[in-house]
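Student: Please find query-v4.cif (mmCIF, C-alpha atoms) on the next line:
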```
data_run
loop_
_atom_site.label_atom_id
_atom_site.label_comp_id
_atom_site.auth_asym_id
_atom_site.auth_seq_id
_atom_site.Cartn_x
_atom_site.Cartn_y
_atom_site.Cartn_z
CA MET A 1 23.72 -14.50 -52.77
CA ASN A 2 20.31 -14.47 -51.08
CA SER A 3 20.83 -17.99 -49.73
CA CYS A 4 24.24 -16.90 -48.38
CA LEU A 5 22.70 -13.94 -46.57
CA ARG A 6 19.98 -16.15 -45.09
CA PHE A 7 22.63 -18.60 -43.84
CA ILE A 8 24.69 -15.81 -42.21
CA SER A 9 21.57 -14.36 -40.57
CA ALA A 10 20.64 -17.77 -39.16
CA LEU A 11 24.12 -18.13 -37.66
CA LEU A 12 23.86 -14.70 -36.03
CA ILE A 13 20.44 -15.50 -34.51
CA MET A 14 21.71 -18.85 -33.22
CA GLY A 15 24.69 -17.13 -31.58
CA MET A 16 22.46 -14.63 -29.83
CA LEU A 17 20.19 -17.40 -28.51
CA LEU A 18 23.14 -19.37 -27.16
CA ALA A 19 24.47 -16.30 -25.41
CA ALA A 20 21.08 -15.59 -23.83
CA CYS A 21 20.82 -19.16 -22.50
CA SER A 22 24.25 -19.33 -20.82
CA ALA A 23 24.16 -21.35 -17.59
CA ASP A 24 25.23 -18.61 -15.21
CA PRO A 25 25.12 -15.20 -16.87
CA SER A 26 25.97 -11.99 -15.09
CA ILE A 27 23.67 -9.06 -15.64
CA PRO A 28 24.47 -5.46 -14.84
CA ALA A 29 22.96 -3.46 -12.04
CA ASN A 30 22.14 0.23 -11.96
CA SER A 31 19.78 0.30 -14.92
CA PRO A 32 19.24 3.73 -16.46
CA VAL A 33 16.43 5.68 -14.83
CA SER A 34 13.57 6.06 -17.30
CA ILE A 35 11.85 9.37 -17.83
CA GLU A 36 8.63 7.95 -16.36
CA ASP A 37 10.45 7.23 -13.08
CA THR A 38 11.22 10.89 -12.61
CA GLN A 39 7.57 11.77 -13.12
CA GLU A 40 6.18 9.38 -10.49
CA GLU A 41 4.79 10.81 -7.29
CA GLY A 42 6.07 9.40 -4.04
CA GLN A 43 9.33 9.10 -2.18
CA THR A 44 12.07 11.54 -3.20
CA LEU A 45 15.46 9.82 -3.25
CA THR A 46 18.86 11.41 -3.76
CA ILE A 47 20.86 9.01 -5.94
CA ILE A 48 24.67 9.03 -5.85
CA ASN A 49 25.55 6.92 -8.88
CA PRO A 50 25.29 9.29 -11.86
CA GLU A 51 26.92 6.72 -14.13
CA SER A 52 23.50 5.04 -14.31
CA ILE A 53 21.85 8.11 -15.87
CA ASP A 54 20.85 7.95 -19.49
CA SER A 55 22.20 11.10 -21.19
CA ASN A 56 18.83 11.59 -22.90
CA ILE A 57 16.91 11.70 -19.59
CA GLN A 58 16.22 14.98 -17.84
CA VAL A 59 16.52 14.68 -14.07
CA GLU A 60 16.99 17.13 -11.24
CA GLN A 61 20.78 17.11 -10.97
CA PRO A 62 23.12 19.48 -9.08
CA ALA A 63 25.84 21.37 -10.89
CA ASP A 64 28.58 19.06 -9.57
CA GLY A 65 26.98 16.16 -11.45
CA LYS A 66 27.49 13.74 -8.56
CA LYS A 67 23.92 13.45 -7.31
CA TYR A 68 20.44 13.54 -8.76
CA GLN A 69 16.93 13.19 -7.39
CA ILE A 70 14.04 11.00 -8.46
CA GLN A 71 10.53 10.40 -7.19
CA THR A 72 9.37 6.80 -6.96
CA ARG A 73 6.80 4.66 -5.18
CA LEU A 74 8.32 2.24 -2.67
CA THR A 75 6.47 -0.94 -1.71
CA ASP A 76 8.85 -2.63 0.75
CA PHE A 77 12.15 -2.22 2.61
CA HIS A 78 14.58 -4.09 4.82
CA LEU A 79 17.04 -2.80 7.43
CA LEU A 80 20.58 -4.22 7.36
CA SER A 81 22.12 -2.08 10.14
CA SER A 82 21.46 1.11 12.07
CA THR A 83 22.61 3.11 9.04
CA THR A 84 22.08 0.76 6.10
CA GLY A 85 18.87 -0.37 4.47
CA LEU A 86 17.22 -1.40 1.23
CA ALA A 87 14.01 -0.04 -0.30
CA TRP A 88 12.30 -0.98 -3.53
CA GLY A 89 9.26 -0.88 -5.77
CA SER A 90 8.43 -1.74 -9.35
CA THR A 91 7.74 0.65 -12.23
CA ARG A 92 6.02 -0.79 -15.29
CA ASN A 93 7.20 -4.27 -14.25
CA GLU A 94 10.82 -3.13 -13.72
CA LEU A 95 12.25 -3.58 -10.23
CA ARG A 96 13.83 -0.43 -8.73
CA LEU A 97 16.04 -1.45 -5.81
CA TYR A 98 17.99 1.12 -3.78
CA ARG A 99 20.48 0.93 -0.90
CA THR A 100 21.40 3.61 1.62
CA GLU A 101 24.36 3.57 3.99
CA ASP A 102 23.74 6.97 5.62
CA ASN A 103 20.21 6.68 7.02
CA GLY A 104 18.52 7.67 3.79
CA VAL A 105 20.47 10.84 3.04
CA THR A 106 21.71 9.31 -0.22
CA TRP A 107 20.90 6.11 -2.10
CA THR A 108 22.62 3.83 -4.61
CA ASN A 109 20.65 2.25 -7.41
CA ILE A 110 21.40 -1.49 -7.29
CA SER A 111 18.53 -2.60 -9.53
CA PRO A 112 19.09 -5.62 -11.77
CA SER A 113 18.71 -5.26 -15.51
CA SER A 114 15.45 -3.76 -16.73
CA SER A 115 15.12 -6.74 -19.06
CA VAL A 116 14.08 -8.87 -16.06
CA LEU A 117 10.39 -8.04 -15.69
CA PHE A 118 8.27 -8.55 -12.57
CA SER A 119 4.51 -9.12 -12.66
CA SER A 120 4.03 -7.99 -9.04
CA ASN A 121 5.84 -6.03 -6.35
CA PRO A 122 8.49 -8.20 -4.68
CA GLU A 123 8.24 -8.74 -0.91
CA PHE A 124 11.04 -9.47 1.52
CA GLY A 125 11.05 -13.14 2.50
CA LYS A 126 8.87 -14.04 -0.47
CA ASP A 127 10.78 -12.67 -3.47
CA ILE A 128 13.79 -10.86 -1.96
CA PHE A 129 16.25 -11.95 0.71
CA PHE A 130 19.44 -10.20 1.86
CA LEU A 131 21.83 -11.54 4.49
CA ASN A 132 23.95 -8.40 4.69
CA ASN A 133 25.05 -5.38 2.68
CA ASP A 134 26.80 -7.53 0.06
CA THR A 135 24.89 -10.79 -0.24
CA GLY A 136 21.34 -11.03 -1.54
CA TRP A 137 18.89 -12.81 -3.81
CA ILE A 138 15.85 -11.82 -5.89
CA VAL A 139 13.31 -14.33 -7.22
CA ARG A 140 11.34 -13.51 -10.35
CA ASN A 141 8.36 -15.84 -10.67
CA ALA A 142 7.73 -17.74 -13.86
CA ILE A 143 6.00 -15.79 -16.62
CA SER A 144 3.69 -17.72 -18.98
CA SER A 145 5.30 -21.10 -19.52
CA GLY A 146 8.81 -20.02 -18.60
CA GLU A 147 10.82 -20.89 -15.50
CA ALA A 148 11.35 -18.85 -12.38
CA ILE A 149 14.58 -16.84 -12.24
CA VAL A 150 16.83 -16.45 -9.21
CA LEU A 151 19.19 -13.46 -9.25
CA ARG A 152 22.07 -13.27 -6.78
CA THR A 153 24.76 -10.77 -5.84
CA ASN A 154 27.80 -10.93 -3.59
CA ASN A 155 29.00 -7.37 -4.15
CA GLY A 156 26.09 -5.32 -2.91
CA GLY A 157 24.19 -5.31 -6.20
CA LEU A 158 26.97 -3.97 -8.43
CA THR A 159 26.43 -7.08 -10.55
CA TRP A 160 23.82 -9.82 -10.52
CA LYS A 161 24.15 -13.44 -11.62
CA MET A 162 21.19 -15.37 -12.93
CA ALA A 163 20.03 -18.94 -12.43
CA SER A 164 16.78 -20.66 -13.31
CA LEU A 165 14.48 -22.61 -11.02
CA PRO A 166 13.04 -25.60 -12.91
CA ASP A 167 9.48 -24.84 -11.87
CA THR A 168 6.60 -22.86 -13.32
CA ALA A 169 4.79 -22.79 -9.97
CA ARG A 170 4.60 -19.64 -7.88
CA VAL A 171 7.46 -19.01 -5.47
CA VAL A 172 5.95 -18.12 -2.08
CA SER A 173 9.01 -17.97 0.17
CA VAL A 174 12.80 -17.75 0.03
CA PHE A 175 15.20 -18.06 2.96
CA PHE A 176 18.99 -18.24 3.24
CA LEU A 177 20.79 -19.45 6.35
CA ASP A 178 24.18 -18.20 5.15
CA ALA A 179 25.88 -17.22 1.92
CA GLU A 180 25.75 -20.78 0.56
CA GLN A 181 22.68 -22.59 1.89
CA GLY A 182 19.12 -21.57 1.11
CA TRP A 183 15.61 -22.82 0.38
CA ILE A 184 12.67 -21.89 -1.85
CA VAL A 185 9.05 -23.03 -1.47
CA THR A 186 6.60 -23.04 -4.39
CA GLU A 187 2.85 -23.51 -4.67
CA GLY A 188 1.55 -25.13 -7.83
CA ASP A 189 -1.38 -24.05 -9.94
CA TYR A 190 -3.91 -26.87 -9.76
CA ARG A 191 -4.85 -26.29 -13.40
CA ALA A 192 -1.30 -26.48 -14.73
CA SER A 193 0.74 -28.51 -12.25
CA SER A 194 0.79 -32.00 -10.78
CA GLU A 195 2.31 -30.69 -7.54
CA ALA A 196 0.62 -28.70 -4.81
CA LYS A 197 3.82 -27.74 -2.95
CA ALA A 198 7.54 -28.13 -3.60
CA VAL A 199 10.73 -27.29 -1.71
CA TYR A 200 14.05 -26.56 -3.41
CA SER A 201 17.45 -26.21 -1.76
CA THR A 202 20.81 -24.83 -2.79
CA LYS A 203 24.26 -25.27 -1.29
CA ASP A 204 26.15 -23.11 -3.79
CA SER A 205 24.67 -19.66 -3.16
CA GLY A 206 21.77 -20.19 -5.54
CA ALA A 207 23.72 -21.12 -8.65
CA THR A 208 21.89 -24.49 -8.77
CA TRP A 209 18.71 -25.71 -7.10
CA LYS A 210 17.57 -29.24 -6.24
CA LYS A 211 14.00 -30.30 -5.54
CA ILE A 212 14.00 -32.06 -2.16
CA MET A 213 10.25 -32.33 -1.48
CA SER A 214 7.03 -32.28 -3.49
CA THR A 215 3.42 -32.83 -2.54
CA PRO A 216 1.37 -34.43 -5.32
CA ILE A 217 -2.12 -33.18 -6.05
CA ILE A 218 -3.25 -36.68 -6.98
CA ALA A 219 -1.65 -39.52 -5.03
CA ALA A 220 -2.08 -43.28 -5.32
CA ASP A 221 -2.60 -43.54 -1.56
CA ALA A 222 -2.42 -41.39 1.56
CA SER A 223 1.14 -42.47 2.33
CA ALA A 224 2.36 -40.52 -0.71
CA ARG A 225 1.58 -37.31 1.17
CA LEU A 226 3.14 -38.30 4.49
CA ASN A 227 6.01 -36.13 5.75
CA LYS A 228 5.19 -33.39 3.27
CA LEU A 229 3.68 -29.93 3.31
CA PRO A 230 -0.13 -30.00 3.00
CA LYS A 231 -1.74 -30.28 -0.40
CA ILE A 232 -4.34 -27.63 0.38
CA GLY A 233 -3.32 -24.48 2.20
CA VAL A 234 -1.70 -21.10 1.59
CA ILE A 235 1.91 -20.78 2.72
CA SER A 236 2.70 -17.54 4.56
CA GLY A 237 6.46 -17.89 4.98
CA MET A 238 9.48 -19.97 5.93
CA SER A 239 12.37 -19.68 8.36
CA PHE A 240 15.30 -21.89 9.37
CA THR A 241 17.17 -21.78 12.68
CA ASP A 242 20.07 -23.97 11.48
CA LYS A 243 20.88 -26.22 8.53
CA ASN A 244 18.47 -28.93 9.73
CA HIS A 245 15.61 -27.21 11.54
CA GLY A 246 13.05 -25.05 9.76
CA PHE A 247 9.43 -23.92 9.97
CA VAL A 248 6.69 -23.05 7.49
CA SER A 249 3.44 -21.29 8.45
CA VAL A 250 0.31 -22.22 6.52
CA LEU A 251 -3.29 -21.04 6.47
CA GLU A 252 -4.86 -24.48 6.20
CA ALA A 253 -8.63 -24.74 5.76
CA GLY A 254 -8.89 -21.22 7.15
CA GLN A 255 -6.88 -22.07 10.28
CA PRO A 256 -3.25 -21.14 11.08
CA SER A 257 -0.91 -24.14 11.09
CA LEU A 258 2.81 -24.63 11.58
CA TYR A 259 4.97 -27.29 9.94
CA LYS A 260 8.54 -28.18 10.90
CA THR A 261 11.47 -30.04 9.41
CA THR A 262 14.44 -31.62 11.17
CA ASN A 263 16.31 -32.80 8.08
CA SER A 264 16.90 -29.67 6.00
CA GLY A 265 13.48 -29.56 4.38
CA VAL A 266 13.26 -33.08 3.01
CA ASN A 267 10.47 -34.14 5.40
CA TRP A 268 7.86 -32.02 7.15
CA SER A 269 5.43 -32.67 9.99
CA LYS A 270 2.62 -30.61 11.46
CA VAL A 271 3.28 -29.12 14.88
CA GLU A 272 0.30 -30.62 16.69
CA GLY A 273 -1.41 -28.43 19.24
CA TRP A 274 0.49 -25.34 18.16
CA PHE A 275 -2.64 -23.26 17.54
CA ASP A 276 -5.61 -23.51 19.91
CA HIS A 277 -8.56 -23.04 17.59
CA SER A 278 -11.08 -23.07 20.43
CA LYS A 279 -9.77 -19.74 21.74
CA PHE A 280 -10.68 -17.99 18.49
CA SER A 281 -14.03 -19.51 17.58
CA SER A 282 -15.58 -16.02 17.63
CA CYS A 283 -13.28 -14.82 14.84
CA SER A 284 -14.99 -14.57 11.47
CA ARG A 285 -11.63 -15.09 9.77
CA LEU A 286 -8.05 -15.88 10.74
CA ASN A 287 -4.74 -15.27 8.99
CA VAL A 288 -1.13 -16.03 9.78
CA ASP A 289 2.25 -14.47 8.91
CA ALA A 290 5.70 -15.91 8.39
CA PRO A 291 7.64 -17.40 11.32
CA GLU A 292 10.43 -15.09 12.46
CA PHE A 293 13.45 -15.91 14.64
CA PHE A 294 15.28 -13.00 16.16
CA ARG A 295 18.67 -11.78 15.01
CA GLY A 296 21.53 -12.99 17.19
CA ASN A 297 19.66 -15.78 19.00
CA THR A 298 17.48 -18.20 17.05
CA LYS A 299 16.22 -19.85 20.22
CA TYR A 300 13.69 -17.03 20.34
CA GLY A 301 11.05 -16.34 17.71
CA TRP A 302 7.40 -15.76 17.02
CA VAL A 303 4.60 -16.35 14.53
CA PRO A 304 2.08 -13.48 14.20
CA PHE A 305 -1.56 -14.21 13.44
CA GLY A 306 -4.67 -12.08 13.05
CA CYS A 307 -8.24 -12.47 14.26
CA VAL A 308 -10.87 -10.69 12.14
CA LYS A 309 -14.27 -9.67 13.52
CA GLU A 310 -16.46 -7.80 11.05
CA ASP A 311 -14.24 -4.92 9.85
CA ASN A 312 -11.83 -5.08 12.80
CA ILE A 313 -8.63 -7.07 13.20
CA LYS A 314 -6.20 -7.72 16.02
CA TYR A 315 -2.77 -9.29 15.64
CA GLN A 316 -1.28 -11.45 18.41
CA GLY A 317 1.43 -14.08 18.48
CA TYR A 318 2.76 -17.48 19.39
CA PHE A 319 6.28 -17.26 20.85
CA THR A 320 9.08 -19.77 21.39
CA GLU A 321 12.12 -19.64 23.66
CA ASP A 322 13.61 -23.01 22.72
CA GLY A 323 14.06 -22.86 18.97
CA GLY A 324 10.52 -23.98 18.19
CA ALA A 325 10.37 -27.05 20.42
CA SER A 326 7.47 -25.44 22.31
CA TRP A 327 5.22 -22.43 21.70
CA SER A 328 3.20 -20.14 23.97
CA PHE A 329 0.29 -17.89 23.03
CA VAL A 330 0.69 -14.24 24.09
CA PRO A 331 -2.44 -12.03 23.83
CA PHE A 332 -1.71 -8.38 23.04
CA SER A 333 -3.53 -5.73 25.05
CA VAL A 334 -3.66 -3.27 22.16
CA PRO A 335 -6.76 -1.84 20.46
CA TRP A 336 -8.44 -3.50 17.52
CA GLN A 337 -7.66 -2.03 14.12
CA GLN A 338 -9.51 -1.44 10.87
CA GLY A 339 -8.32 -2.06 7.35
CA ASP A 340 -5.94 -4.55 5.79
CA SER A 341 -2.70 -2.94 6.95
CA ALA A 342 -2.73 -4.34 10.49
CA ALA A 343 -0.66 -7.34 9.39
CA LYS A 344 2.37 -5.12 8.86
CA ALA A 345 1.80 -2.80 11.82
CA THR A 346 3.36 -4.89 14.62
CA THR A 347 7.02 -5.85 14.92
CA PHE A 348 9.30 -7.42 17.52
CA LEU A 349 13.01 -6.75 17.89
CA ASN A 350 13.75 -9.58 20.30
CA ARG A 351 12.04 -11.82 22.82
CA ARG A 352 10.92 -8.86 24.92
CA GLU A 353 10.64 -5.65 22.92
CA GLY A 354 8.10 -4.77 20.24
CA TRP A 355 6.05 -1.97 18.67
CA SER A 356 2.52 -1.74 17.29
CA LEU A 357 1.27 1.16 15.17
CA HIS A 358 -2.41 2.18 15.33
CA GLY A 359 -2.98 5.17 13.09
CA SER A 360 -0.59 7.79 14.49
CA SER A 361 -0.42 6.07 17.90
CA VAL A 362 2.66 3.94 18.62
CA TYR A 363 2.47 1.30 21.36
CA HIS A 364 5.62 -0.15 22.90
CA THR A 365 6.18 -3.32 24.94
CA THR A 366 9.22 -4.61 26.83
CA ASP A 367 7.63 -7.73 28.33
CA LEU A 368 6.77 -9.88 25.32
CA GLY A 369 3.51 -8.11 24.62
CA ALA A 370 1.92 -8.65 28.02
CA ASN A 371 1.79 -4.89 28.60
CA TRP A 372 1.92 -2.02 26.13
CA SER A 373 2.64 1.67 26.77
CA LEU A 374 1.46 4.47 24.49
CA LEU A 375 4.42 6.57 23.33
CA PRO A 376 4.19 10.38 23.04
CA GLN A 377 2.33 11.52 19.95
CA SER A 378 4.63 12.41 17.06
CA ALA A 379 3.44 15.59 15.31
CA LYS A 380 5.08 14.59 12.02
CA LEU A 381 3.62 11.08 12.11
CA SER A 382 0.17 12.48 12.87
CA GLU A 383 0.46 14.79 9.87
CA ILE A 384 1.66 12.09 7.48
CA VAL A 385 -0.89 9.37 8.31
CA LEU A 386 -3.74 11.70 7.41
CA GLU A 387 -2.61 11.45 3.78
CA TYR A 388 -0.89 8.03 4.04
CA PRO A 389 -3.14 5.93 6.32
CA LYS A 390 -2.00 2.49 5.15
CA VAL A 391 0.85 0.80 7.04
CA LEU A 392 2.98 -1.14 4.56
CA LYS A 393 5.70 -2.18 7.03
CA ILE A 394 7.40 -1.31 10.29
CA GLN A 395 10.81 -2.66 11.38
CA PHE A 396 13.33 -1.83 14.09
CA PHE A 397 17.03 -2.68 13.99
CA ASN A 398 17.65 -1.81 17.64
CA SER A 399 15.73 -0.21 20.50
CA GLN A 400 16.14 3.28 19.05
CA PHE A 401 16.36 2.96 15.27
CA GLY A 402 13.48 1.93 13.03
CA TRP A 403 11.79 2.52 9.68
CA LEU A 404 8.13 2.82 8.76
CA LEU A 405 6.64 2.66 5.25
CA VAL A 406 3.15 4.13 4.85
CA GLY A 407 1.04 4.45 1.74
CA GLN A 408 -2.14 5.88 0.36
CA SER A 409 -5.27 3.76 0.28
CA ASP A 410 -5.19 3.57 -3.53
CA ASN A 411 -1.53 2.37 -3.42
CA ASN A 412 -0.40 5.15 -5.75
CA ARG A 413 2.00 6.85 -3.34
CA SER A 414 4.09 5.92 -0.32
CA LEU A 415 6.50 7.52 2.14
CA LEU A 416 9.39 6.01 4.08
CA MET A 417 9.86 7.37 7.60
CA GLN A 418 12.50 6.95 10.28
CA THR A 419 12.72 7.11 14.07
CA MET A 420 15.92 7.40 16.08
CA ASP A 421 14.38 7.53 19.54
CA GLY A 422 12.46 4.29 19.78
CA GLY A 423 9.31 5.48 18.00
CA ALA A 424 8.63 8.69 19.94
CA THR A 425 9.35 10.97 16.95
CA TRP A 426 9.42 10.28 13.22
CA GLN A 427 10.73 12.05 10.13
CA VAL A 428 10.41 11.41 6.38
CA LEU A 429 13.55 10.01 4.80
#
```
Using the file provided, produce a representation of the structure as structure tokens.
Tutor:
Amino acid sequence: MNSCLRFISALLIMGMLLAACSADPSIPANSPVSIEDTQEEGQTLTIINPESIDSNIQVEQPADGKKYQIQTRLTDFHLLSSTTGLAWGSTRNELRLYRTEDNGVTWTNISPSSSVLFSSNPEFGKDIFFLNNDTGWIVRNAISSGEAIVLRTNNGGLTWKMASLPDTARVVSVFFLDAEQGWIVTEGDYRASSEAKAVYSTKDSGATWKKIMSTPIIAADASARLNKLPKIGVISGMSFTDKNHGFVSVLEAGQPSLYKTTNSGVNWSKVEGWFDHSKFSSCSRLNVDAPEFFRGNTKYGWVPFGCVKEDNIKYQGYFTEDGGASWSFVPFSVPWQQGDSAAKATTFLNRREGWSLHGSSVYHTTDLGANWSLLPQSAKLSEIVLEYPKVLKIQFFNSQFGWLLVGQSDNNRSLLMQTMDGGATWQVL
């Protein structure tokens, strides 16, 4: 009898393992809100999907039972339209992803299953990428010796499908050109990997991934590293303008560099002369952000970079008007800033218009950053930045509508704000 029971138990365990390792499993969204979520300090969100509430959890819920409120700390966001946006953060390694379609009045919880744990807060363009309200991807980096996981949805996060990326290296950028074609870049750990960089591509919405480029750490000769991303260097981000042409920004030996591909990411070459190092010899340190091409016309784009002098930093940019064939440096006549939040404090909507936040002062340009005007002081913004001085992100969807995420210096709390008049006034969502 005992041997029979042991045999039956082994069969049950084997069945569960096979189910867990299915090639393309779907996992539910809208995970129950844990009691700790409701006790966090931070952004107050009104959630409209009560079916995700655990009956054992006490939340602030109206009598009609259709809405409830939570408090949570947001770490990033992304605008999808003038009314629709995503915002997210992680709580005890669980991703909490929310979508609004009414300018933040109400939100829908579209989080993947709480069983998918995250070791850090996901960032847009690095771990999360959404094309529109329905189609998006989330990358969960490898944990221990496991593989990276790529989650995807085509119904606005109602359900998520899972695929694995056959790599234990750290994913540093994800980009999708359309609903089918996308790329992922990884950086290997020198102590545990034979590859410094790798590029993967998909043509089936992320269901399967193929390695199309890898840079070896140890190569038999120099030719083995030709037409590849550099062995040494920190990748900041990636962007493609069409199915063949793409760009990757790299901080290489402390200097900003730009690499390009003309064959879908298989081969890469350094854009020679892109960055004039002699102009910034007085900088004690330089950094560079991801390349960004503007919505609606990928002929135009820019790559932000920062110059650090002592405790001050100023962000400026290299701009293109021909899809990256040539680049021009544009110095910004805005004040220097302090702190590490300056990297997220400047944004451009198109080839002419941009904003730069300096404390509670908002600067606006309509001539590609050549001239900046100081907008009227917003009383609400001035009040909020006293308690939330750290700029986590600013983004505009059009000339009037934009979001701003600010946080406390200790990263314990954050607030999401909105402007509907081009940055002149702000309100908390």
Student: Here's the selection I'm unsure about, the PyMOL selection byres ((chain A and resi 283-298) around 6); applied to the file above, which residues does it give, as a count of residues only?
Tutor: 20
Student: Residues of segment 45-136 of chain A that have any atom at most 9 Å from an atom of segment 167-183 of chain A: could you tabulate them with the shortest-distance atom pair and the distance in Å to one decimal, using only C-alpha atoms, ordered by chain and increasing number, as a tab-separated table?
Tutor:
```
residue	atom	partner	partner_atom	distance
A:Phe124	CA	A:Val174	CA	8.6
A:Gly125	CA	A:Val174	CA	5.5
A:Lys126	CA	A:Ser173	CA	4.0
A:Asp127	CA	A:Val174	CA	6.5
A:Ile128	CA	A:Val174	CA	7.2
A:Phe129	CA	A:Phe175	CA	6.6
A:Phe130	CA	A:Phe176	CA	8.2
A:Leu131	CA	A:Asp178	CA	7.1
A:Thr135	CA	A:Ala179	CA	6.9
A:Gly136	CA	A:Ala179	CA	8.4
```
Student: In Å, rounded to a single decimal, give me how far atom CA of Asp242 of chain A is from atom CA of Thr153 of chain A.
Tutor: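 That distance, rounded to one decimal, is 22.3 Å.
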Student: For Gln427 of chain A, find every residue with an atom within 10 Å (counting only C-alpha atoms), except residues of its own chain fewer than 3 positions away, and show them as a PDB file with C-alpha atoms, keeping the file's coordinate frame.
Tutor:
```
ATOM      1  CA  SER A 378       4.630  12.410  17.060  1.00  0.00           C
ATOM      2  CA  ALA A 379       3.440  15.590  15.310  1.00  0.00           C
ATOM      3  CA  LYS A 380       5.080  14.590  12.020  1.00  0.00           C
ATOM      4  CA  LEU A 381       3.620  11.080  12.110  1.00  0.00           C
ATOM      5  CA  ILE A 384       1.660  12.090   7.480  1.00  0.00           C
ATOM      6  CA  TRP A 403      11.790   2.520   9.680  1.00  0.00           C
ATOM      7  CA  LEU A 404       8.130   2.820   8.760  1.00  0.00           C
ATOM      8  CA  LEU A 416       9.390   6.010   4.080  1.00  0.00           C
ATOM      9  CA  MET A 417       9.860   7.370   7.600  1.00  0.00           C
ATOM     10  CA  GLN A 418      12.500   6.950  10.280  1.00  0.00           C
ATOM     11  CA  THR A 419      12.720   7.110  14.070  1.00  0.00           C
ATOM     12  CA  MET A 420      15.920   7.400  16.080  1.00  0.00           C
TER      13      MET A 420
END
```
Student: Hey, can you check how far atom CA of Glu353 of chain A sits from atom CA of Tyr315 of chain A?
Tutor: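 Distance between the two atoms: 15.7 Å.
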Student: When distances are computed from all atoms listed in the file, which of A:Gln43, A:Val234, A:Glu195, A:Pro331 shows the smallest separation from Ile218 of chain A?
Tutor: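 Answer, going by the shortest atom-to-atom distance: A:Glu195.
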Student: I'd like the interatomic distance between atom CA of Glu187 of chain A and atom CA of Tyr318 of chain A, to a tenth of an Å.
Tutor: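 According to the coordinates, atom CA of Glu187 of chain A and atom CA of Tyr318 of chain A are separated by 24.8 Å.
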Student: Could you tell me, as an NGL selection string, exactly which residues end up selected when the PyMOL selection byres ((chain A and resi 391) around 6) is applied to this structure?
Tutor: :A and (341 or 390 or 392-393 or 406)
Student: Can you work out which one of A:Ser356, A:Thr208, A:Ser120, A:Asn103 has the shortest atom-to-atom distance to Thr75 of chain A, counting only C-alpha atoms?
Tutor: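 That would be A:Ser120, the residue with the smallest distance to Thr75 of chain A.
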Student: Name the residues that the PyMOL selection byres ((chain A and resi 359) around 10) pulls out of this structure, and write them as a ChimeraX atom specification.
Tutor: /A:337-338,342,345,356-358,360-362,381-382,385-386,388-391
Student: Just checking: using all atoms listed in the file, which residue out of A:Val139, A:Lys279, A:Gln377, A:Ser114 ends up closest to Phe329 of chain A?
Tutor: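 When distances to Phe329 of chain A are compared using all atoms listed in the file, the smallest one comes from A:Lys279.
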